Amino acid sequence: MNELLNATHDPQLRSWVASANEAGSDFPVQNLPFGTYSQGPQGARKIGVAIGSQVLDVRAAGLVDTADMNELMAQSPQVLSALRAALSQGLVEGSAQQAAWERFLSPQDSVTLHLPCRIGDYTDFYTGIHHATTVGKLFRPDAPLLPNYKWVPIGYHGRASSIGVSGQVFHRPLGQTRGPNEEVPVLRPSHRLDYELELGVLVGQGNALGEPIGMGQAEAHAFGMVLLNDWSARDVQAWEYQPLGPFLSKNFASTISPWIVTMEALAPFRVPFVRPDADPQPLPYLDSEGNRRQGGVDVALEVWIETQAMREAGQGPARLSQSNFRDAYWTVAQLLSHHSVNGCNLQPGDLLGSGTLSGPRPEQAGSLLELSMGGKNALTLANGETRTFLQDGDAIILRASCAREGFRRIGFGECRGQVLPARRLQ
Ligand code: MN
């Protein structure tokens with residue numbers, strides 16, 4: 001029995017916002033993800049909830065008294081759960097709120113969606129064991145998976161300032177690279193530019209400096225999840241990453257989706273956390289009964305590419321791969337507990353990346369580095385174009401959804417970003 005479920009997850013619920021009831025909608029009344037939007041790029045920022053093709057102004061509806069998402073995220077799970085219940089009751093068919101709330105709706109395609117919150121700190125983990133193994137083979141054929149991998153959730157501190165919301169465009173980064181036949185490195189545009197298919201956890205309530213978050217409390221500190229594309233310059237990465245890890249190969253741009261799907265919305269899709277018999281069990285500080293029973297989340301993930309040629313021909317994007325967050329080696333609760341075990345304080349709005357989420361099969365890889373085997377095997381796209389790494393004009397679109405028999409499917413919307421040509425060196 002899943003004690004996380006409540007009346008808001010009832011698959012029978014329908015909304016008076018008709019578009020929310022369409023079968024393919026990512027935002028039925030069972031989802032209710034939060035975002036930050038404005039009327040026009042310069043308009044006042046508001047907290048919105050996505051419902052079908054619309055966004056509801058949550059403050060105008062009288063449900064919150066702030067327009068600041070970080071303030072909302074800092075609230076207790078009890079307060080947030082009551083807010084979700086009130087949103088659900090107000091948006092379901094037959095609700096007495098309909099007449100009042102109709103004027104607080106705007107079509108999503110008429111508003112500007114911003115980063116959903118201020119991201120103070122960003123940490124990227126490495127929970128995709130299939131990614132870690134495949135990439136490890138490319139960088140270190142003799143020791144693909146380092147001996148710590150199955151004991152410690154590996155991560156590095158990333159950079160928050162260059163995180164953008166879906167729709168982000170950025171110039172191909174310059175960086176120091178050294179080719180296999182070159183004696184000295186050269187500063188030049190990266191020619192092995194890649195994406196990484198990830199999910200991001202946005203921290204809700206923080207913890208005080210010096211006070212670790214135990215496994216039993218960890219999920220009370222997770223506000224929700226977004227899609228995350230951790231754009232990566234592989235040639236820069238290969239040259240710079242030892243001994244201190246990724247640096248300029250990762251911090252030129254990272255893109256997240258605008259809607260935060262709350263942990264409560266994900267409740268129907270929780271799955272057990274299981275370790276293969278041959279693998280070590282987590283140390284006690286990374287273990288709990290609740291985590292074993294339902295620490296994982298079944299989130300189906302997809303990567304799509306839209307090249308310049310596809311756009312010019314009026315073709316839609318082509319799918320590159322599919323995978324699932326349930327294959328991650330560590331859970332959301334374990335990431336939060338591990339990150340704070342030394343007393344490190346997490347704050348509302350901090351972003352924890354999952355790491356590239358590749359599935360067990362080669363075609364389920366979450367990066368071009370893996371799909372092209374380090375650039376050796378070019379992929380052929382549906383229109384006949386080939387790719388090893390990204391070319392100028394390429395857009396990458398990440399999508400995610402949760403589906404389970406007996407529940408309404410929910411989705412994350414899109415996380416889209418596009419590569420522009422490198423700027424010329426001054
Ligand atoms: Mn990453």
# chains A, B, ... in the order shown; residues from 1 in each chain; ligands from 1

$ select_by_dssp --residues "range 191-254 of chain A" --states "strand (DSSP E or B)" --output "count of residues only"
20

$ residues_near_ligand --ligand "ligand 1" --cutoff "8 Å" --atoms "only C-alpha atoms and all ligand atoms" --output "short mmCIF file (atom, residue, chain, number, x, y, z; two decimals) with C-alpha atoms, in the first residue's frame"
data_model
loop_
_atom_site.label_atom_id
_atom_site.label_comp_id
_atom_site.auth_asym_id
_atom_site.auth_seq_id
_atom_site.Cartn_x
_atom_site.Cartn_y
_atom_site.Cartn_z
CA ASP A 124 25.52 17.22 -10.61
CA PHE A 125 25.58 13.57 -9.59
CA TYR A 126 26.48 10.49 -11.63
CA GLU A 196 23.18 14.86 -21.30
CA LEU A 197 19.69 13.53 -20.55
CA GLU A 198 19.11 14.12 -16.84
CA ASN A 229 20.14 18.97 -20.13
CA ASP A 230 23.75 19.17 -18.93
CA TRP A 231 25.37 20.30 -22.19
CA SER A 232 28.94 19.01 -22.31
CA LYS A 250 30.09 21.82 -18.37
CA GLY A 353 21.25 16.74 -11.21
CA SER A 354 20.81 12.98 -11.54
CA GLY A 355 23.69 12.49 -13.96
CA THR A 356 23.13 11.14 -17.46
#

$ residues_around --residues "Phe325 in chain A" --least-positions-apart "5" --cutoff "8 Å" --atoms "only C-alpha atoms" --output "ChimeraX atom specification"
/A:199,296-301,357

$ closest_residue --among "A:Ser110, A:Gln308, A:Gln315, A:Gln75" --to "Val203 in chain A" --atoms "only C-alpha atoms"
A:Gln75

$ closest_residue --among "A:Glu370, A:Glu71, A:Glu306, A:Glu219" --to "Gly417 in chain A" --atoms "only C-alpha atoms"
A:Glu306

$ residues_around --residues "Asp350 in chain A" --least-positions-apart "2" --cutoff "6 Å" --atoms "only C-alpha atoms" --output "list of chain:residue names"
A:Ile119, A:Gly120, A:Asp121, A:Tyr122, A:Leu202, A:Val203, A:Gln347, A:Pro348

$ write_last_selection --atoms "C-alpha atoms" --output "PDB file, in the first residue's frame"
ATOM      1  CA  ILE A 119      18.972  28.291  -8.128  1.00  0.00           C
ATOM      2  CA  GLY A 120      21.581  29.130  -5.525  1.00  0.00           C
ATOM      3  CA  ASP A 121      23.737  26.049  -5.882  1.00  0.00           C
ATOM      4  CA  TYR A 122      23.888  23.269  -8.426  1.00  0.00           C
ATOM      5  CA  LEU A 202      14.854  20.999  -6.767  1.00  0.00           C
ATOM      6  CA  VAL A 203      15.356  21.281  -3.033  1.00  0.00           C
ATOM      7  CA  GLN A 347      18.797  25.624   0.483  1.00  0.00           C
ATOM      8  CA  PRO A 348      15.393  26.066  -1.165  1.00  0.00           C
TER       9      PRO A 348
END

$ residues_around --residues "Leu286 in chain A" --least-positions-apart "3" --cutoff "9 Å" --atoms "only C-alpha atoms" --output "ChimeraX atom specification"
/A:214-215,282-283,291,333-335,337-338

$ write_last_selection --atoms "N, CA and C atoms" --output "mmCIF file, in the first residue's frame"
data_model
loop_
_atom_site.group_PDB
_atom_site.id
_atom_site.type_symbol
_atom_site.label_atom_id
_atom_site.label_comp_id
_atom_site.auth_asym_id
_atom_site.auth_seq_id
_atom_site.Cartn_x
_atom_site.Cartn_y
_atom_site.Cartn_z
ATOM 1 N N GLY A 214 18.668 13.040 7.507
ATOM 2 C CA GLY A 214 18.615 11.581 7.568
ATOM 3 C C GLY A 214 17.696 11.027 6.484
ATOM 4 N N MET A 215 17.864 9.741 6.173
ATOM 5 C CA MET A 215 17.057 9.118 5.118
ATOM 6 C C MET A 215 15.559 9.222 5.398
ATOM 7 N N PRO A 282 23.737 -0.406 0.280
ATOM 8 C CA PRO A 282 24.161 0.921 0.719
ATOM 9 C C PRO A 282 24.538 0.917 2.199
ATOM 10 N N LEU A 283 25.472 1.766 2.565
ATOM 11 C CA LEU A 283 25.808 1.939 3.982
ATOM 12 C C LEU A 283 24.541 2.388 4.723
ATOM 13 N N ASN A 291 12.905 3.742 1.639
ATOM 14 C CA ASN A 291 13.680 3.851 0.402
ATOM 15 C C ASN A 291 13.707 2.522 -0.339
ATOM 16 N N ALA A 333 16.265 10.377 -2.288
ATOM 17 C CA ALA A 333 16.530 10.463 -0.844
ATOM 18 C C ALA A 333 18.011 10.239 -0.558
ATOM 19 N N GLN A 334 18.632 9.299 -1.250
ATOM 20 C CA GLN A 334 20.054 9.027 -1.024
ATOM 21 C C GLN A 334 20.925 10.209 -1.445
ATOM 22 N N LEU A 335 20.541 10.894 -2.522
ATOM 23 C CA LEU A 335 21.323 12.062 -2.954
ATOM 24 C C LEU A 335 21.256 13.162 -1.901
ATOM 25 N N SER A 337 20.540 12.842 1.361
ATOM 26 C CA SER A 337 21.214 12.422 2.597
ATOM 27 C C SER A 337 22.724 12.457 2.435
ATOM 28 N N HIS A 338 23.189 11.945 1.298
ATOM 29 C CA HIS A 338 24.635 11.940 1.102
ATOM 30 C C HIS A 338 25.186 13.364 1.026
#

$ closest_atom_pairs --of "range 256-363 of chain A" --to "range 167-176 of chain A" --cutoff "12 Å" --atoms "only C-alpha atoms" --output "Markdown table"
| residue | atom | partner | partner_atom | distance |
| --- | --- | --- | --- | --- |
| A:Ile256 | CA | A:Gln168 | CA | 9.0 |
| A:Ser257 | CA | A:Gly167 | CA | 8.9 |
| A:Pro258 | CA | A:Gly167 | CA | 9.7 |

$ closest_atom_pairs --of "range 40-69 of chain A" --to "range 21-33 of chain A" --cutoff "8 Å" --atoms "only C-alpha atoms" --output "tab-separated table"
residue	atom	partner	partner_atom	distance
A:Val49	CA	A:Pro33	CA	5.5
A:Ala50	CA	A:Pro33	CA	5.8
A:Ile51	CA	A:Phe27	CA	5.2
A:Gly52	CA	A:Phe27	CA	4.9
A:Ser53	CA	A:Phe27	CA	7.7

$ select_by_dssp --residues "range 96-198 of chain A" --states "helix (DSSP H, G or I)" --output "list of chain:residue names"
A:Gln98, A:Ala99, A:Ala100, A:Trp101, A:Glu102, A:Arg103, A:Phe104, A:Gln108, A:Asp109, A:Ser110, A:Ile129, A:His130, A:His131, A:Ala132, A:Thr133, A:Thr134, A:Val135, A:Gly136, A:Lys137, A:Leu138, A:Phe139

$ closest_residue --among "A:Arg192, A:His9, A:Lys150, A:His114" --to "Phe389 in chain A" --atoms "only C-alpha atoms"
A:Arg192

$ atom_distance --atom1 "CA of Gln54 in chain A" --atom2 "CA of Val92 in chain A"
14.2 Å

$ closest_residue --among "A:Leu146, A:Val64, A:Leu346, A:Ala222" --to "Val79 in chain A" --atoms "only C-alpha atoms"
A:Val64

$ residues_around --residues "Glu264 in chain A" --least-positions-apart "5" --cutoff "12 Å" --atoms "only C-alpha atoms" --output "list in words"
Asn2, Glu3, Leu4, Leu5, Asn6, Ala7, Thr8, His9, Gln30, Asn31, Leu32, Pro33, Pro77, Gln78, Leu80, Ser81, Ala82, Leu83, Arg84, Ala85, Glu219, Ala220, Ala222, Phe223, Gly224, Met225, Phe269, Arg270 and Val297 of chain A

$ write_last_selection --atoms "N, CA, C and O atoms" --output "mmCIF file, in the first residue's frame"
data_model
loop_
_atom_site.group_PDB
_atom_site.id
_atom_site.type_symbol
_atom_site.label_atom_id
_atom_site.label_comp_id
_atom_site.auth_asym_id
_atom_site.auth_seq_id
_atom_site.Cartn_x
_atom_site.Cartn_y
_atom_site.Cartn_z
ATOM 1 N N ASN A 2 0.617 2.149 -0.886
ATOM 2 C CA ASN A 2 1.413 3.367 -1.009
ATOM 3 C C ASN A 2 0.760 4.472 -0.188
ATOM 4 O O ASN A 2 -0.249 5.056 -0.584
ATOM 5 N N GLU A 3 1.375 4.794 0.978
ATOM 6 C CA GLU A 3 0.767 5.786 1.879
ATOM 7 C C GLU A 3 0.918 7.208 1.350
ATOM 8 O O GLU A 3 0.398 8.149 1.948
ATOM 9 N N LEU A 4 1.643 7.351 0.234
ATOM 10 C CA LEU A 4 1.823 8.684 -0.341
ATOM 11 C C LEU A 4 0.607 9.131 -1.156
ATOM 12 O O LEU A 4 0.499 10.290 -1.525
ATOM 13 N N LEU A 5 -0.309 8.207 -1.439
ATOM 14 C CA LEU A 5 -1.438 8.528 -2.314
ATOM 15 C C LEU A 5 -2.561 9.219 -1.543
ATOM 16 O O LEU A 5 -2.773 8.960 -0.363
ATOM 17 N N ASN A 6 -3.284 10.101 -2.238
ATOM 18 C CA ASN A 6 -4.436 10.769 -1.643
ATOM 19 C C ASN A 6 -5.453 11.106 -2.735
ATOM 20 O O ASN A 6 -5.277 10.705 -3.895
ATOM 21 N N ALA A 7 -6.468 11.858 -2.369
ATOM 22 C CA ALA A 7 -7.571 12.135 -3.298
ATOM 23 C C ALA A 7 -7.116 12.862 -4.560
ATOM 24 O O ALA A 7 -7.749 12.747 -5.613
ATOM 25 N N THR A 8 -5.999 13.597 -4.503
ATOM 26 C CA THR A 8 -5.553 14.351 -5.689
ATOM 27 C C THR A 8 -5.045 13.435 -6.799
ATOM 28 O O THR A 8 -4.852 13.883 -7.928
ATOM 29 N N HIS A 9 -4.756 12.169 -6.455
ATOM 30 C CA HIS A 9 -4.246 11.221 -7.459
ATOM 31 C C HIS A 9 -5.349 10.401 -8.123
ATOM 32 O O HIS A 9 -5.053 9.592 -9.016
ATOM 33 N N GLN A 30 -4.293 15.822 -12.183
ATOM 34 C CA GLN A 30 -3.515 14.993 -11.252
ATOM 35 C C GLN A 30 -2.045 15.439 -11.171
ATOM 36 O O GLN A 30 -1.306 14.932 -10.339
ATOM 37 N N ASN A 31 -1.599 16.346 -12.073
ATOM 38 C CA ASN A 31 -0.190 16.742 -12.072
ATOM 39 C C ASN A 31 0.039 18.016 -11.260
ATOM 40 O O ASN A 31 0.673 17.985 -10.221
ATOM 41 N N LEU A 32 -0.457 19.159 -11.747
ATOM 42 C CA LEU A 32 -0.372 20.436 -11.013
ATOM 43 C C LEU A 32 1.071 20.865 -10.710
ATOM 44 O O LEU A 32 1.423 21.164 -9.559
ATOM 45 N N PRO A 33 1.930 20.946 -11.751
ATOM 46 C CA PRO A 33 3.305 21.400 -11.541
ATOM 47 C C PRO A 33 3.396 22.927 -11.431
ATOM 48 O O PRO A 33 2.580 23.648 -12.006
ATOM 49 N N PRO A 77 6.125 20.128 3.894
ATOM 50 C CA PRO A 77 5.331 19.238 3.035
ATOM 51 C C PRO A 77 3.838 19.302 3.373
ATOM 52 O O PRO A 77 3.000 19.163 2.482
ATOM 53 N N GLN A 78 3.500 19.544 4.653
ATOM 54 C CA GLN A 78 2.084 19.617 5.048
ATOM 55 C C GLN A 78 1.412 20.821 4.390
ATOM 56 O O GLN A 78 0.307 20.720 3.855
ATOM 57 N N LEU A 80 2.438 22.375 1.676
ATOM 58 C CA LEU A 80 2.415 22.184 0.227
ATOM 59 C C LEU A 80 1.348 21.177 -0.177
ATOM 60 O O LEU A 80 0.710 21.314 -1.224
ATOM 61 N N SER A 81 1.143 20.179 0.662
ATOM 62 C CA SER A 81 0.125 19.179 0.371
ATOM 63 C C SER A 81 -1.276 19.802 0.470
ATOM 64 O O SER A 81 -2.158 19.507 -0.350
ATOM 65 N N ALA A 82 -1.460 20.686 1.430
ATOM 66 C CA ALA A 82 -2.751 21.381 1.553
ATOM 67 C C ALA A 82 -2.980 22.286 0.341
ATOM 68 O O ALA A 82 -4.106 22.396 -0.165
ATOM 69 N N LEU A 83 -1.913 22.919 -0.150
ATOM 70 C CA LEU A 83 -2.028 23.770 -1.339
ATOM 71 C C LEU A 83 -2.418 22.929 -2.555
ATOM 72 O O LEU A 83 -3.293 23.312 -3.338
ATOM 73 N N ARG A 84 -1.779 21.776 -2.692
ATOM 74 C CA ARG A 84 -2.117 20.888 -3.821
ATOM 75 C C ARG A 84 -3.581 20.435 -3.736
ATOM 76 O O ARG A 84 -4.286 20.409 -4.751
ATOM 77 N N ALA A 85 -4.030 20.124 -2.531
ATOM 78 C CA ALA A 85 -5.424 19.697 -2.368
ATOM 79 C C ALA A 85 -6.376 20.829 -2.753
ATOM 80 O O ALA A 85 -7.388 20.601 -3.434
ATOM 81 N N GLU A 219 13.032 12.992 1.841
ATOM 82 C CA GLU A 219 12.098 13.417 0.794
ATOM 83 C C GLU A 219 11.291 14.643 1.190
ATOM 84 O O GLU A 219 10.753 15.329 0.327
ATOM 85 N N ALA A 220 11.242 14.935 2.490
ATOM 86 C CA ALA A 220 10.570 16.168 2.928
ATOM 87 C C ALA A 220 11.357 17.394 2.484
ATOM 88 O O ALA A 220 10.856 18.513 2.559
ATOM 89 N N ALA A 222 12.738 17.511 -0.671
ATOM 90 C CA ALA A 222 12.676 17.552 -2.134
ATOM 91 C C ALA A 222 11.353 18.190 -2.537
ATOM 92 O O ALA A 222 10.286 17.678 -2.199
ATOM 93 N N PHE A 223 11.415 19.320 -3.237
ATOM 94 C CA PHE A 223 10.179 19.979 -3.669
ATOM 95 C C PHE A 223 9.618 19.284 -4.904
ATOM 96 O O PHE A 223 8.420 19.033 -4.997
ATOM 97 N N GLY A 224 10.476 18.988 -5.855
ATOM 98 C CA GLY A 224 9.988 18.340 -7.067
ATOM 99 C C GLY A 224 11.101 18.151 -8.069
ATOM 100 O O GLY A 224 12.279 18.355 -7.749
ATOM 101 N N MET A 225 10.718 17.768 -9.287
ATOM 102 C CA MET A 225 11.701 17.410 -10.309
ATOM 103 C C MET A 225 11.442 18.131 -11.622
ATOM 104 O O MET A 225 10.309 18.464 -11.957
ATOM 105 N N PHE A 269 3.870 6.757 -8.981
ATOM 106 C CA PHE A 269 4.847 6.149 -9.871
ATOM 107 C C PHE A 269 6.111 5.717 -9.131
ATOM 108 O O PHE A 269 7.150 5.467 -9.746
ATOM 109 N N ARG A 270 6.010 5.602 -7.812
ATOM 110 C CA ARG A 270 7.157 5.179 -7.019
ATOM 111 C C ARG A 270 7.377 3.677 -7.179
ATOM 112 O O ARG A 270 6.418 2.906 -7.297
ATOM 113 N N VAL A 297 11.664 6.173 -8.761
ATOM 114 C CA VAL A 297 10.537 6.769 -9.487
ATOM 115 C C VAL A 297 10.608 6.293 -10.937
ATOM 116 O O VAL A 297 11.670 6.355 -11.568
#

$ atom_distance --atom1 "CA of Leu244 in chain A" --atom2 "CA of Gly155 in chain A"
11.4 Å

$ residues_around --residues "Gly164 in chain A" --least-positions-apart "6" --cutoff "8 Å" --atoms "only C-alpha atoms" --output "PyMOL selection string"
chain A and resi 115+253-256

$ write_last_selection --atoms "N, CA and C atoms" --output "JSON list (two decimals), in the first residue's frame"
[["chain", "number", "residue", "atom", "x", "y", "z"],
["A", 115, "LEU", "N", 12.98, 30.68, -15.51],
["A", 115, "LEU", "CA", 13.47, 29.66, -14.59],
["A", 115, "LEU", "C", 12.47, 29.61, -13.44],
["A", 253, "ALA", "N", 26.51, 26.30, -20.31],
["A", 253, "ALA", "CA", 25.05, 26.32, -20.40],
["A", 253, "ALA", "C", 24.50, 25.01, -19.83],
["A", 254, "SER", "N", 23.39, 25.10, -19.13],
["A", 254, "SER", "CA", 22.63, 23.93, -18.69],
["A", 254, "SER", "C", 21.17, 24.36, -18.78],
["A", 255, "THR", "N", 20.31, 23.48, -19.25],
["A", 255, "THR", "CA", 18.92, 23.87, -19.51],
["A", 255, "THR", "C", 17.96, 23.02, -18.69],
["A", 256, "ILE", "N", 16.98, 23.65, -18.05],
["A", 256, "ILE", "CA", 15.95, 22.87, -17.33],
["A", 256, "ILE", "C", 14.57, 23.19, -17.89]]

$ closest_residue --among "A:Pro362, A:Pro116, A:Gly216, A:Gly245" --to "Ser166 in chain A" --atoms "only C-alpha atoms"
A:Pro116

$ atom_distance --atom1 "CA of Gly158 in chain A" --atom2 "CA of Gly206 in chain A"
18.6 Å
